[in-house]
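These notes are about the structure you will find just below.
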Amino acid sequence: MGLIDEGSGVEMSGGKSWNGEAFWGVGFEYDPQWLLTEEQRRLQARLIELSATAMRANAEESDKGFVFPRKNFELLAKEGLLGLIVPQSLGGRGESHVCAAMVVETIARYGCASTAMCYVMHLAATAGLLLHHHRNPKVQDLLRRLDQEVLVGTLSISDPATGSHVWFLMSSSAERTGEGYRLSKKASWTTSGGYADWYLAQTTSPDFKGNYADFSIWLLYADEVKARKGTWNGVGLRGNQSGPMEIDGVVVPPDRLIGPAGDGAGSNDEATDPYFLFGTAACWNGVSMGAIDIVKRHTTRKTHADVGLKVADYPSIQDYVGNAIAETNASRALTYQVAQALDRVTNNNDWSIHEDIAARPRTTLVQWNWQVKYIAAKNVVAVTNDMMSAGGGTAYKPELGLERYWRDGRAGWLMAPTNEVIRLLVGKSALLGFEELDFWNQRANQRLLRSELKKLSAEERKALAEELLNR
């Protein structure tokens, strides 16, 4: 027998409840429950219950019809989860980074990966508001209303002119007007585009002079953006409705500028990027564990009549599952460890420290957030591949539910920064220092430049010098 959490009635070491019966997947003995407070464990149990009764069925609806998971967000709002990281003084739960990782993972594992991904974007956008909410009554009012009005937020950072390495906001502008600012922007990928109630969007700053590191953050509402609703047609995450979005000369008042002009990069490093990176890692960890759960259910229930063995009796299946659990728990351990580190440097996610605008503690851990995204996105591809093999021919059929997890997990590798980009960021910063990363092409690589110049003949060098002098 495991220990019973008297508050939730759920056995906390082994057994899980699913629609009033024992859960058919992997038990709590393979979950890092020691990281959670009693309140967080109760919240986890409640999310599993909501998944069993509604969220998982809604996920199937989203997947079949490319339906935005508004129903699931309504369920989350009733639990106060749109304001999960909002301070209690503003009506939120005031929860930690560790709790945020647990919530995202739980939604993705038991309920709906599309909901989990949209929720990550909501949390990242909320973090961007919280970083600069102290002197902005309009932002404070929005934060107070997230749950009671089911106000789903998202980020709009991308630009169609650049790939998913680092976004250069070339298709954007912000101009000062007598009423405030006139904003224009084209975005290539905006999760929840056309379905979110509010957007944290980025453009080049007012008085922009060509330096693409100079960009700013704005709060916009649904009626101020243009998005082609219902056009998302991806392999997986079919409910997330990611796609192009446009802001077409919208004039906003000064209090829609979130933080100082030009603080976009700093805000990303301190708020939106950490929540996006460890949040997406938690999503992929949840997808990995969800796939393992389905394989356990299938292989322990199916028997081969000729030999009288369950599929789970075969050593090859045990090997697949054992490796998948160990690898996924290594990824989960890193994700939660970095979430704990974020809690430690922020006094348990206390946003009041940012009344000092220079306080940027999460930024010191950016390289760790890169790594958790990379490891989780890499792992989910490997684990879902193996679970498809372990599931055999039945796994190929949608009825088992495994192939949806396999499709959803593919998105992790591709989301910016892609895993190839993260490897380069980590390797280059470790070998040459963070100052060498040069995100916005502001410094020439002198070593590379000299190396290339050596290849030129005297005549070619002279011609190049004349060309440069005449520009």
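Simple scheme: letters A, B, ... for chains in structure tokens order, numbers from 1 for residues in each chain, numbers from 1 for ligands in the order shown.
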
Please, which residues of region 122-177 of chain A, numbered as in this document, come out alpha helix (DSSP H) from DSSP, as an MDAnalysis selection string?
chainID A and resid 122:131 137:145

Env of region 101-110 of chain A: 9 Å cut, atoms = only C-alpha atoms, seq-sep filter 4 positions within chain, self excluded. Answer as a ChimeraX atom specification.
/A:36,40,43-44,47-48,51-52,55-56,81,96-97,114-117,119-120,275,278-291,293,335-336,339

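Across A:Gly262, A:Gly194, A:Pro315, A:Gly392, the tightest approach to Asn211 (chain A) is made by A:Gly262 when counting only C-alpha atoms.
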
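A straight line drawn from CA of Leu183 (chain A) to CA of Asp248 (chain A) is 7.0 Å long.
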
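Between Arg46 (chain A) and the residues A:Trp440, A:Tyr199, A:Trp18, A:Trp189, the shortest atom-to-atom distance, using only C-alpha atoms, involves A:Trp18.
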
Could you give me, as a PyMOL selection string, the residues within 9 Å of Ala324 (chain A), counting only C-alpha atoms and dropping anything in the same chain fewer than 5 positions from it?
chain A and resi 288-289+292+319+329+379+382-384+386-387

Selected residues written out, C-alpha atoms, as a compact mmCIF listing (two decimals), in the first residue's frame:
```txt
# COMPACT_ATOMS: atom_id res chain seq x y z
CA SER A 288 6.47 11.09 -23.38
CA MET A 289 4.93 9.79 -20.16
CA ILE A 292 4.30 5.17 -22.00
CA ASP A 319 13.23 -3.15 -22.44
CA ASN A 329 12.65 10.78 -15.95
CA ASN A 379 13.61 12.66 -25.82
CA ALA A 382 12.83 8.94 -29.32
CA VAL A 383 10.28 7.77 -26.74
CA THR A 384 7.20 8.09 -28.93
CA ASP A 386 9.85 3.40 -29.37
CA MET A 387 6.35 3.31 -27.93
```
